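Contents: one structure, followed by commentary.
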There are 2 protein chains.
Amino acid sequence: MQPTTHIAPPNLDVALAVLSNSRRREILQMIWSEERSAGDIAGAFDVSWPATSQNLRLLKSSGLVSERRVGTRRLYTANRAALGPLELVLTQMWQRDLGRLKRAAEREARGRRRTRV
Amino acid sequence: MQPTTHIAPPNLDVALAVLSNSRRREILQMIWSEERSAGDIAGAFDVSWPATSQNLRLLKSSGLVSERRVGTRRLYTANRAALGPLELVLTQMWQRDLGRLKRAAEREARGRRRTRV
DNA sequence: GGCTTAATTAAGAGTAAGCTTAAATAGTGC
DNA sequence: GCACTATTTAAGCTTACTCTTAATTAAGCC
């Protein structure tokens with residue numbers, strides 16, 4: 001008998017479906033490298049708390065985030081290992097977003113200089 | 001002025017949404033390394049032709065597949081360059097599917113041997 | 001032009017996704 | 001136990017997705 005696989009390989013089809021939603025990607029980005037409470041996460045978005053809670057549940061059930069309970073709080077954090085090759089997809093998307101922001105800021109700065117505000 | 005980017009980088013958020021659908025992933029797999037006609041593709045699935053045509057349109061509009069017209073036919077093929085890091089996600093999924101099939105076949109073979117059919 | 005084949009577009013129906021508000025759960029401290 | 005805070009579950013609504021059938025476009029051939 002084969003030894004059981006100990007590190008569950010990511011279920012990419014499920015992960016793909018979960019991450020096809022931009023709100024869930026934003027949530028994942030928020031808790032990418034630091035744990036945050038449900039309320040903290042929910043407060044960052046312009047939708048109701050239950051809406052965020054439902055997205056967190058999806059992320060959790062798909063294994064993409066981990067939950068830890070401390071008192072009445074629930075702390076969530078990204079489970080990068082479960083992303084497999086999707087990790088690169090996300091980081092590349094976010095990097096590009098940063099690039100866009102940076103270029104926009106530079107355009108802004110140049111415009112201001114030119115008009116001597 | 002910066003030189004324009006000549007190779008359009010993939011729009012990963014769009015691609016993610018398009019590929020979150022399993023039928024579209026199957027279509028992409030079919031035309032991964034060979035061109036196929038719309039009818040050929042449609043015939044491979046148990047849904048109506050228009051349904052497949054609509055999925056092809058989505059795949060095309062997102063840049064994930066290319067279309068070439070020959071007479072009254074339309075030949076489609078995967079545009080791997082547009083996938084960026086998603087290419088690895090897909091190939092890894094498909095590889096795992098193959099692995100599952102293989103293991104299932106082996107189990108089947110063992111079962112048959114044991115029961116002496 | 002008229003006929004045939006290949007494929008798409010249009011319109012409509014059923015289902016699923018994501019949000020909202022209201023109610024419920026669970027932990028902490030008095 | 002009661003009140004308080006943090007968060008989720010439940011129920012309903014709206015919108016978006018995917019499919020269906022019917023009609024349309026476009027190319028090739030007689």
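Note on naming: chains are A, B, ... as they come in the structure tokens, residues start from 1 per chain, ligands start from 1 in the order shown.
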
Proximity of chain A to chain D: per-residue shortest pair, 9 Å limit, only C-alpha atoms (C1' of nucleotides), as a tab-separated table:
residue	atom	partner	partner_atom	distance
A:Ala38	CA	D:DT7	C1'	7.3
A:Gly39	CA	D:DA6	C1'	7.3
A:Trp49	CA	D:DT7	C1'	8.6
A:Pro50	CA	D:DT8	C1'	7.4
A:Ser53	CA	D:DT8	C1'	7.1
A:Gln54	CA	D:DT8	C1'	8.5
A:Thr72	CA	D:DA6	C1'	5.7
A:Arg73	CA	D:DA6	C1'	5.9
A:Arg74	CA	D:DT7	C1'	7.8

Please tabulate, as JSON lines, the residues of chain C that come within 8 Å of chain A, each with its closest pair of atoms and the distance in Å to one decimal, counting only C-alpha atoms (C1' of nucleotides) and ordering rows by chain, then residue number upward.
{"residue": "C:DG18", "atom": "C1'", "partner": "A:Ala51", "partner_atom": "CA", "distance": 7.6}
{"residue": "C:DC19", "atom": "C1'", "partner": "A:Ala51", "partner_atom": "CA", "distance": 6.4}
{"residue": "C:DT20", "atom": "C1'", "partner": "A:Ser48", "partner_atom": "CA", "distance": 7.6}
{"residue": "C:DA26", "atom": "C1'", "partner": "A:Thr72", "partner_atom": "CA", "distance": 7.0}
{"residue": "C:DG27", "atom": "C1'", "partner": "A:Thr72", "partner_atom": "CA", "distance": 4.8}
{"residue": "C:DT28", "atom": "C1'", "partner": "A:Gly71", "partner_atom": "CA", "distance": 7.6}

key: chain B residues near chain A (10 Å cut-off, only C-alpha atoms) as a VMD selection string   = chain B and resid 9 to 22 25 83 to 90 92 to 93 96

Least-squares superpose chain A on chain B across all ordered C-alpha pairs, then write out what you get as a tab-separated table (two decimals) with N, CA and C atoms, in the first residue's frame.
chain	number	residue	atom	x	y	z
A	1	MET	N	9.22	59.05	-23.58
A	1	MET	CA	8.06	58.13	-23.55
A	1	MET	C	8.53	56.70	-23.57
A	2	GLN	N	7.88	55.88	-22.78
A	2	GLN	CA	8.18	54.46	-22.74
A	2	GLN	C	7.75	53.79	-24.05
A	3	PRO	N	8.51	52.81	-24.49
A	3	PRO	CA	8.02	52.07	-25.65
A	3	PRO	C	6.77	51.28	-25.25
A	4	THR	N	5.83	51.19	-26.16
A	4	THR	CA	4.60	50.48	-25.86
A	4	THR	C	4.89	49.00	-25.61
A	5	THR	N	4.16	48.42	-24.68
A	5	THR	CA	4.30	46.99	-24.45
A	5	THR	C	3.77	46.26	-25.68
A	6	HIS	N	4.61	45.42	-26.24
A	6	HIS	CA	4.17	44.76	-27.47
A	6	HIS	C	3.43	43.47	-27.22
A	7	ILE	N	3.89	42.71	-26.28
A	7	ILE	CA	3.17	41.51	-25.91
A	7	ILE	C	2.23	41.86	-24.78
A	8	ALA	N	0.94	41.88	-25.08
A	8	ALA	CA	-0.02	42.24	-24.05
A	8	ALA	C	0.06	41.25	-22.91
A	9	PRO	N	0.30	41.73	-21.70
A	9	PRO	CA	0.33	40.80	-20.56
A	9	PRO	C	-1.09	40.32	-20.29
A	10	PRO	N	-1.22	39.10	-19.78
A	10	PRO	CA	-2.56	38.54	-19.61
A	10	PRO	C	-3.37	39.29	-18.57
A	11	ASN	N	-4.64	39.42	-18.83
A	11	ASN	CA	-5.57	40.02	-17.88
A	11	ASN	C	-6.06	38.93	-16.95
A	12	LEU	N	-5.33	38.73	-15.88
A	12	LEU	CA	-5.57	37.55	-15.07
A	12	LEU	C	-6.93	37.52	-14.41
A	13	ASP	N	-7.45	38.69	-14.06
A	13	ASP	CA	-8.76	38.66	-13.40
A	13	ASP	C	-9.84	38.17	-14.35
A	14	VAL	N	-9.76	38.61	-15.58
A	14	VAL	CA	-10.72	38.15	-16.59
A	14	VAL	C	-10.52	36.66	-16.85
A	15	ALA	N	-9.28	36.26	-17.04
A	15	ALA	CA	-8.98	34.85	-17.32
A	15	ALA	C	-9.48	33.96	-16.19
A	16	LEU	N	-9.30	34.43	-14.98
A	16	LEU	CA	-9.75	33.66	-13.80
A	16	LEU	C	-11.25	33.43	-13.85
A	17	ALA	N	-11.98	34.48	-14.18
A	17	ALA	CA	-13.44	34.35	-14.26
A	17	ALA	C	-13.83	33.37	-15.37
A	18	VAL	N	-13.17	33.51	-16.51
A	18	VAL	CA	-13.51	32.64	-17.65
A	18	VAL	C	-13.19	31.19	-17.32
A	19	LEU	N	-12.08	30.96	-16.68
A	19	LEU	CA	-11.64	29.58	-16.41
A	19	LEU	C	-12.23	28.99	-15.14
A	20	SER	N	-13.05	29.77	-14.44
A	20	SER	CA	-13.69	29.20	-13.26
A	20	SER	C	-14.80	28.25	-13.69
A	21	ASN	N	-15.10	28.22	-14.96
A	21	ASN	CA	-16.14	27.32	-15.49
A	21	ASN	C	-15.49	26.07	-16.09
A	22	SER	N	-15.95	24.91	-15.64
A	22	SER	CA	-15.27	23.68	-16.04
A	22	SER	C	-15.49	23.36	-17.51
A	23	ARG	N	-16.63	23.71	-18.05
A	23	ARG	CA	-16.86	23.45	-19.48
A	23	ARG	C	-15.84	24.23	-20.31
A	24	ARG	N	-15.61	25.45	-19.92
A	24	ARG	CA	-14.66	26.26	-20.69
A	24	ARG	C	-13.24	25.71	-20.54
A	25	ARG	N	-12.94	25.17	-19.38
A	25	ARG	CA	-11.62	24.55	-19.22
A	25	ARG	C	-11.50	23.33	-20.11
A	26	GLU	N	-12.59	22.55	-20.22
A	26	GLU	CA	-12.55	21.37	-21.08
A	26	GLU	C	-12.35	21.78	-22.54
A	27	ILE	N	-13.06	22.83	-22.93
A	27	ILE	CA	-12.89	23.32	-24.30
A	27	ILE	C	-11.43	23.69	-24.54
A	28	LEU	N	-10.89	24.43	-23.59
A	28	LEU	CA	-9.51	24.88	-23.74
A	28	LEU	C	-8.56	23.69	-23.85
A	29	GLN	N	-8.85	22.68	-23.07
A	29	GLN	CA	-8.00	21.48	-23.10
A	29	GLN	C	-8.06	20.81	-24.48
A	30	MET	N	-9.27	20.79	-25.05
A	30	MET	CA	-9.46	20.17	-26.37
A	30	MET	C	-8.63	20.84	-27.45
A	31	ILE	N	-8.49	22.15	-27.33
A	31	ILE	CA	-7.78	22.91	-28.37
A	31	ILE	C	-6.45	23.41	-27.85
A	32	TRP	N	-5.91	22.67	-26.89
A	32	TRP	CA	-4.67	23.09	-26.25
A	32	TRP	C	-3.50	23.03	-27.22
A	33	SER	N	-3.40	21.92	-27.93
A	33	SER	CA	-2.23	21.79	-28.81
A	33	SER	C	-2.63	21.50	-30.24
A	34	GLU	N	-3.91	21.59	-30.54
A	34	GLU	CA	-4.30	21.47	-31.94
A	34	GLU	C	-5.57	22.26	-32.20
A	35	GLU	N	-5.58	22.81	-33.40
A	35	GLU	CA	-6.70	23.59	-33.86
A	35	GLU	C	-7.89	22.68	-34.10
A	36	ARG	N	-9.10	23.16	-33.75
A	36	ARG	CA	-10.29	22.37	-34.02
A	36	ARG	C	-11.42	23.29	-34.44
A	37	SER	N	-12.32	22.76	-35.23
A	37	SER	CA	-13.44	23.57	-35.70
A	37	SER	C	-14.51	23.68	-34.61
A	38	ALA	N	-15.33	24.70	-34.72
A	38	ALA	CA	-16.39	24.92	-33.74
A	38	ALA	C	-17.29	23.70	-33.63
A	39	GLY	N	-17.63	23.13	-34.79
A	39	GLY	CA	-18.52	21.96	-34.78
A	39	GLY	C	-17.88	20.76	-34.13
A	40	ASP	N	-16.61	20.61	-34.39
A	40	ASP	CA	-15.83	19.53	-33.80
A	40	ASP	C	-15.87	19.65	-32.27
A	41	ILE	N	-15.64	20.85	-31.80
A	41	ILE	CA	-15.63	21.10	-30.37
A	41	ILE	C	-17.03	20.89	-29.80
A	42	ALA	N	-18.01	21.49	-30.45
A	42	ALA	CA	-19.39	21.39	-29.95
A	42	ALA	C	-19.84	19.93	-29.89
A	43	GLY	N	-19.43	19.15	-30.90
A	43	GLY	CA	-19.83	17.75	-30.94
A	43	GLY	C	-19.30	16.93	-29.79
A	44	ALA	N	-18.26	17.42	-29.15
A	44	ALA	CA	-17.64	16.65	-28.08
A	44	ALA	C	-18.38	16.79	-26.75
A	45	PHE	N	-19.31	17.74	-26.69
A	45	PHE	CA	-19.98	17.96	-25.41
A	45	PHE	C	-21.46	17.67	-25.50
A	46	ASP	N	-22.01	17.35	-24.36
A	46	ASP	CA	-23.40	16.95	-24.32
A	46	ASP	C	-24.32	18.15	-24.06
A	47	VAL	N	-24.04	19.23	-24.74
A	47	VAL	CA	-24.93	20.39	-24.69
A	47	VAL	C	-25.14	20.85	-26.12
A	48	SER	N	-26.06	21.76	-26.29
A	48	SER	CA	-26.36	22.25	-27.64
A	48	SER	C	-25.18	23.01	-28.23
A	49	TRP	N	-25.15	23.11	-29.56
A	49	TRP	CA	-24.07	23.85	-30.20
A	49	TRP	C	-24.03	25.31	-29.78
A	50	PRO	N	-25.16	25.98	-29.72
A	50	PRO	CA	-25.09	27.38	-29.29
A	50	PRO	C	-24.44	27.55	-27.91
A	51	ALA	N	-24.70	26.62	-27.02
A	51	ALA	CA	-24.09	26.72	-25.69
A	51	ALA	C	-22.57	26.73	-25.82
A	52	THR	N	-22.04	25.82	-26.62
A	52	THR	CA	-20.59	25.78	-26.81
A	52	THR	C	-20.10	27.03	-27.54
A	53	SER	N	-20.89	27.46	-28.51
A	53	SER	CA	-20.52	28.66	-29.26
A	53	SER	C	-20.39	29.86	-28.32
A	54	GLN	N	-21.31	29.95	-27.37
A	54	GLN	CA	-21.27	31.06	-26.42
A	54	GLN	C	-20.02	30.99	-25.54
A	55	ASN	N	-19.68	29.79	-25.15
A	55	ASN	CA	-18.46	29.64	-24.35
A	55	ASN	C	-17.22	29.98	-25.17
A	56	LEU	N	-17.24	29.59	-26.44
A	56	LEU	CA	-16.11	29.93	-27.30
A	56	LEU	C	-15.99	31.44	-27.46
A	57	ARG	N	-17.13	32.09	-27.56
A	57	ARG	CA	-17.08	33.56	-27.68
A	57	ARG	C	-16.43	34.19	-26.46
A	58	LEU	N	-16.81	33.69	-25.28
A	58	LEU	CA	-16.21	34.21	-24.04
A	58	LEU	C	-14.71	33.97	-24.03
A	59	LEU	N	-14.33	32.75	-24.37
A	59	LEU	CA	-12.91	32.41	-24.39
A	59	LEU	C	-12.16	33.31	-25.36
A	60	LYS	N	-12.80	33.59	-26.50
A	60	LYS	CA	-12.15	34.42	-27.50
A	60	LYS	C	-12.07	35.87	-27.04
A	61	SER	N	-13.18	36.39	-26.51
A	61	SER	CA	-13.19	37.80	-26.12
A	61	SER	C	-12.22	38.06	-24.98
A	62	SER	N	-11.94	37.03	-24.20
A	62	SER	CA	-10.98	37.22	-23.11
A	62	SER	C	-9.55	37.01	-23.60
A	63	GLY	N	-9.42	36.62	-24.84
A	63	GLY	CA	-8.08	36.45	-25.41
A	63	GLY	C	-7.46	35.09	-25.16
A	64	LEU	N	-8.21	34.20	-24.54
A	64	LEU	CA	-7.63	32.90	-24.19
A	64	LEU	C	-7.58	31.93	-25.36
A	65	VAL	N	-8.40	32.18	-26.37
A	65	VAL	CA	-8.32	31.35	-27.58
A	65	VAL	C	-8.27	32.26	-28.80
A	66	SER	N	-7.71	31.73	-29.88
A	66	SER	CA	-7.65	32.47	-31.13
A	66	SER	C	-8.55	31.78	-32.14
A	67	GLU	N	-9.10	32.59	-33.02
A	67	GLU	CA	-9.99	32.06	-34.05
A	67	GLU	C	-9.41	32.33	-35.42
A	68	ARG	N	-9.57	31.35	-36.32
A	68	ARG	CA	-9.09	31.50	-37.69
A	68	ARG	C	-10.21	30.99	-38.58
A	69	ARG	N	-10.57	31.77	-39.58
A	69	ARG	CA	-11.68	31.35	-40.44
A	69	ARG	C	-11.15	30.73	-41.71
A	70	VAL	N	-11.66	29.56	-42.04
A	70	VAL	CA	-11.29	28.87	-43.27
A	70	VAL	C	-12.59	28.45	-43.92
A	71	GLY	N	-12.93	29.12	-45.00
A	71	GLY	CA	-14.20	28.86	-45.64
A	71	GLY	C	-15.31	29.14	-44.66
A	72	THR	N	-16.22	28.20	-44.57
A	72	THR	CA	-17.32	28.42	-43.66
A	72	THR	C	-17.00	27.95	-42.24
A	73	ARG	N	-15.80	27.43	-42.07
A	73	ARG	CA	-15.43	26.93	-40.76
A	73	ARG	C	-14.69	27.96	-39.92
A	74	ARG	N	-14.77	27.76	-38.64
A	74	ARG	CA	-13.98	28.59	-37.72
A	74	ARG	C	-13.13	27.65	-36.89
A	75	LEU	N	-11.84	27.86	-36.99
A	75	LEU	CA	-10.92	26.99	-36.26
A	75	LEU	C	-10.41	27.72	-35.02
A	76	TYR	N	-10.50	27.03	-33.92
A	76	TYR	CA	-10.09	27.63	-32.65
A	76	TYR	C	-8.86	26.93	-32.10
A	77	THR	N	-8.07	27.69	-31.42
A	77	THR	CA	-6.91	27.10	-30.74
A	77	THR	C	-6.58	27.90	-29.50
A	78	ALA	N	-6.04	27.21	-28.50
A	78	ALA	CA	-5.71	27.88	-27.25
A	78	ALA	C	-4.61	28.89	-27.46
A	79	ASN	N	-4.73	30.00	-26.78
A	79	ASN	CA	-3.70	31.04	-26.84
A	79	ASN	C	-2.95	31.02	-25.51
A	80	ARG	N	-2.00	30.09	-25.42
A	80	ARG	CA	-1.36	29.85	-24.12
A	80	ARG	C	-0.67	31.08	-23.55
A	81	ALA	N	-0.15	31.90	-24.45
A	81	ALA	CA	0.58	33.07	-23.98
A	81	ALA	C	-0.30	33.98	-23.13
A	82	ALA	N	-1.60	33.96	-23.42
A	82	ALA	CA	-2.50	34.85	-22.69
A	82	ALA	C	-2.81	34.34	-21.29
A	83	LEU	N	-2.34	33.15	-20.97
A	83	LEU	CA	-2.66	32.57	-19.68
A	83	LEU	C	-1.70	32.96	-18.57
A	84	GLY	N	-0.49	33.31	-18.96
A	84	GLY	CA	0.50	33.66	-17.95
A	84	GLY	C	0.62	32.54	-16.94
A	85	PRO	N	0.64	32.86	-15.66
A	85	PRO	CA	0.83	31.84	-14.63
A	85	PRO	C	-0.35	30.89	-14.51
A	86	LEU	N	-1.44	31.19	-15.21
A	86	LEU	CA	-2.58	30.28	-15.16
A	86	LEU	C	-2.34	29.03	-15.98
A	87	GLU	N	-1.37	29.10	-16.88
A	87	GLU	CA	-1.07	27.90	-17.68
A	87	GLU	C	-0.67	26.75	-16.76
A	88	LEU	N	0.13	27.07	-15.77
A	88	LEU	CA	0.58	26.03	-14.84
A	88	LEU	C	-0.59	25.48	-14.03
A	89	VAL	N	-1.52	26.35	-13.69
A	89	VAL	CA	-2.69	25.91	-12.94
A	89	VAL	C	-3.44	24.85	-13.75
A	90	LEU	N	-3.66	25.15	-15.02
A	90	LEU	CA	-4.41	24.23	-15.87
A	90	LEU	C	-3.66	22.92	-16.07
A	91	THR	N	-2.41	23.02	-16.45
A	91	THR	CA	-1.67	21.79	-16.73
A	91	THR	C	-1.60	20.92	-15.48
A	92	GLN	N	-1.48	21.56	-14.34
A	92	GLN	CA	-1.43	20.78	-13.11
A	92	GLN	C	-2.76	20.09	-12.83
A	93	MET	N	-3.86	20.79	-13.11
A	93	MET	CA	-5.17	20.18	-12.92
A	93	MET	C	-5.33	18.98	-13.83
A	94	TRP	N	-4.96	19.14	-15.08
A	94	TRP	CA	-5.15	18.07	-16.06
A	94	TRP	C	-4.25	16.88	-15.75
A	95	GLN	N	-3.06	17.18	-15.30
A	95	GLN	CA	-2.15	16.11	-14.93
A	95	GLN	C	-2.73	15.28	-13.79
A	96	ARG	N	-3.35	15.99	-12.86
A	96	ARG	CA	-3.93	15.27	-11.75
A	96	ARG	C	-5.12	14.43	-12.19
A	97	ASP	N	-5.91	14.98	-13.11
A	97	ASP	CA	-7.02	14.21	-13.65
A	97	ASP	C	-6.51	12.91	-14.28
A	98	LEU	N	-5.43	13.03	-15.05
A	98	LEU	CA	-4.84	11.85	-15.68
A	98	LEU	C	-4.41	10.85	-14.62
A	99	GLY	N	-3.80	11.36	-13.56
A	99	GLY	CA	-3.35	10.50	-12.48
A	99	GLY	C	-4.51	9.74	-11.87
A	100	ARG	N	-5.61	10.44	-11.69
A	100	ARG	CA	-6.79	9.77	-11.12
A	100	ARG	C	-7.29	8.67	-12.03
A	101	LEU	N	-7.35	8.98	-13.32
A	101	LEU	CA	-7.79	7.97	-14.29
A	101	LEU	C	-6.91	6.73	-14.24
A	102	LYS	N	-5.61	7.02	-14.21
A	102	LYS	CA	-4.63	5.93	-14.22
A	102	LYS	C	-4.83	5.03	-12.99
A	103	ARG	N	-4.96	5.65	-11.85
A	103	ARG	CA	-5.13	4.86	-10.63
A	103	ARG	C	-6.43	4.06	-10.65
A	104	ALA	N	-7.48	4.69	-11.21
A	104	ALA	CA	-8.76	3.99	-11.30
A	104	ALA	C	-8.63	2.76	-12.19
A	105	ALA	N	-7.90	2.92	-13.30
A	105	ALA	CA	-7.72	1.81	-14.23
A	105	ALA	C	-6.95	0.68	-13.56
A	106	GLU	N	-5.95	1.06	-12.76
A	106	GLU	CA	-5.16	0.05	-12.07
A	106	GLU	C	-6.00	-0.71	-11.05
A	107	ARG	N	-6.83	0.03	-10.33
A	107	ARG	CA	-7.72	-0.62	-9.37
A	107	ARG	C	-8.63	-1.61	-10.09
A	108	GLU	N	-9.16	-1.13	-11.20
A	108	GLU	CA	-10.05	-1.95	-12.05
A	108	GLU	C	-9.34	-3.24	-12.46
A	109	ALA	N	-8.11	-3.09	-12.93
A	109	ALA	CA	-7.34	-4.24	-13.42
A	109	ALA	C	-7.08	-5.23	-12.26
A	110	ARG	N	-6.70	-4.72	-11.13
A	110	ARG	CA	-6.44	-5.59	-9.98
A	110	ARG	C	-7.70	-6.34	-9.59
A	111	GLY	N	-8.83	-5.63	-9.58
A	111	GLY	CA	-10.10	-6.25	-9.22
A	111	GLY	C	-10.41	-7.40	-10.15
A	112	ARG	N	-10.18	-7.19	-11.44
A	112	ARG	CA	-10.49	-8.21	-12.43
A	112	ARG	C	-9.61	-9.43	-12.25
A	113	ARG	N	-8.33	-9.17	-12.00
A	113	ARG	CA	-7.40	-10.28	-11.83
A	113	ARG	C	-7.82	-11.13	-10.63
A	114	ARG	N	-8.17	-10.44	-9.55
A	114	ARG	CA	-8.52	-11.14	-8.33
A	114	ARG	C	-9.75	-12.02	-8.52
A	115	THR	N	-10.71	-11.54	-9.28
A	115	THR	CA	-11.96	-12.29	-9.43
A	115	THR	C	-11.94	-13.26	-10.61
A	116	ARG	N	-10.77	-13.30	-11.30
A	116	ARG	CA	-10.60	-14.28	-12.39
A	116	ARG	C	-11.73	-14.26	-13.41
A	117	VAL	N	-11.92	-13.16	-14.05
A	117	VAL	CA	-12.99	-13.07	-15.05
A	117	VAL	C	-12.57	-13.74	-16.33

inquiry  = Going by DSSP on the backbone, which residues of range 30-81 of chain A come out as strand (DSSP E)? List them as a VMD selection string.
reply    = chain A and resid 36 to 37 65 to 70 73 to 78

Convert the current residue selection to file output with C-alpha atoms, as a PDB file, in the first residue's frame.
ATOM      1  CA  ARG A  36      -6.864  39.460  11.026  1.00  0.00           C
ATOM      2  CA  SER A  37     -10.172  39.206  12.821  1.00  0.00           C
ATOM      3  CA  VAL A  65      -7.793  30.344   4.544  1.00  0.00           C
ATOM      4  CA  SER A  66      -7.354  29.051   8.071  1.00  0.00           C
ATOM      5  CA  GLU A  67      -9.381  30.092  11.066  1.00  0.00           C
ATOM      6  CA  ARG A  68      -8.231  30.338  14.673  1.00  0.00           C
ATOM      7  CA  ARG A  69     -10.571  31.213  17.514  1.00  0.00           C
ATOM      8  CA  VAL A  70      -9.379  33.449  20.315  1.00  0.00           C
ATOM      9  CA  ARG A  73     -12.867  36.519  17.951  1.00  0.00           C
ATOM     10  CA  ARG A  74     -12.068  34.542  14.872  1.00  0.00           C
ATOM     11  CA  LEU A  75      -8.724  35.196  13.299  1.00  0.00           C
ATOM     12  CA  TYR A  76      -8.242  34.372   9.664  1.00  0.00           C
ATOM     13  CA  THR A  77      -5.110  33.982   7.643  1.00  0.00           C
ATOM     14  CA  ALA A  78      -4.310  32.915   4.107  1.00  0.00           C
TER      15      ALA A  78
END

DSSP alpha helix (DSSP H) residues within range 55-96 of chain B, listed as a short mmCIF file (atom, residue, chain, number, x, y, z; two decimals) with N, CA and C atoms, in the first residue's frame:
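Saved file part_38.cif follows:
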data_model
loop_
_atom_site.label_atom_id
_atom_site.label_comp_id
_atom_site.auth_asym_id
_atom_site.auth_seq_id
_atom_site.Cartn_x
_atom_site.Cartn_y
_atom_site.Cartn_z
N ASN B 55 -19.66 29.78 -25.15
CA ASN B 55 -18.45 29.64 -24.35
C ASN B 55 -17.21 29.97 -25.17
N LEU B 56 -17.22 29.59 -26.45
CA LEU B 56 -16.10 29.94 -27.31
C LEU B 56 -15.98 31.45 -27.46
N ARG B 57 -17.12 32.09 -27.55
CA ARG B 57 -17.09 33.55 -27.67
C ARG B 57 -16.44 34.18 -26.44
N LEU B 58 -16.82 33.69 -25.27
CA LEU B 58 -16.22 34.19 -24.04
C LEU B 58 -14.71 33.97 -24.02
N LEU B 59 -14.33 32.74 -24.37
CA LEU B 59 -12.91 32.41 -24.40
C LEU B 59 -12.16 33.31 -25.37
N LYS B 60 -12.80 33.59 -26.48
CA LYS B 60 -12.15 34.43 -27.48
C LYS B 60 -12.08 35.88 -27.02
N SER B 61 -13.19 36.37 -26.49
CA SER B 61 -13.20 37.79 -26.09
C SER B 61 -12.23 38.05 -24.95
N LEU B 86 -1.38 31.17 -15.24
CA LEU B 86 -2.52 30.26 -15.20
C LEU B 86 -2.27 29.00 -16.02
N GLU B 87 -1.31 29.08 -16.92
CA GLU B 87 -1.01 27.90 -17.73
C GLU B 87 -0.62 26.74 -16.81
N LEU B 88 0.20 27.05 -15.83
CA LEU B 88 0.65 26.01 -14.90
C LEU B 88 -0.51 25.45 -14.09
N VAL B 89 -1.44 26.32 -13.74
CA VAL B 89 -2.61 25.86 -12.98
C VAL B 89 -3.37 24.82 -13.79
N LEU B 90 -3.61 25.14 -15.05
CA LEU B 90 -4.37 24.22 -15.90
C LEU B 90 -3.63 22.90 -16.12
N THR B 91 -2.37 23.00 -16.52
CA THR B 91 -1.64 21.76 -16.81
C THR B 91 -1.56 20.89 -15.55
N GLN B 92 -1.42 21.53 -14.42
CA GLN B 92 -1.36 20.75 -13.19
C GLN B 92 -2.70 20.07 -12.90
N MET B 93 -3.79 20.76 -13.16
CA MET B 93 -5.11 20.15 -12.96
C MET B 93 -5.27 18.94 -13.86
N TRP B 94 -4.91 19.13 -15.12
CA TRP B 94 -5.12 18.07 -16.10
C TRP B 94 -4.23 16.87 -15.80
N GLN B 95 -3.03 17.18 -15.37
CA GLN B 95 -2.11 16.11 -15.03
C GLN B 95 -2.70 15.27 -13.90
N ARG B 96 -3.29 15.97 -12.93
CA ARG B 96 -3.88 15.24 -11.82
C ARG B 96 -5.07 14.41 -12.27
#
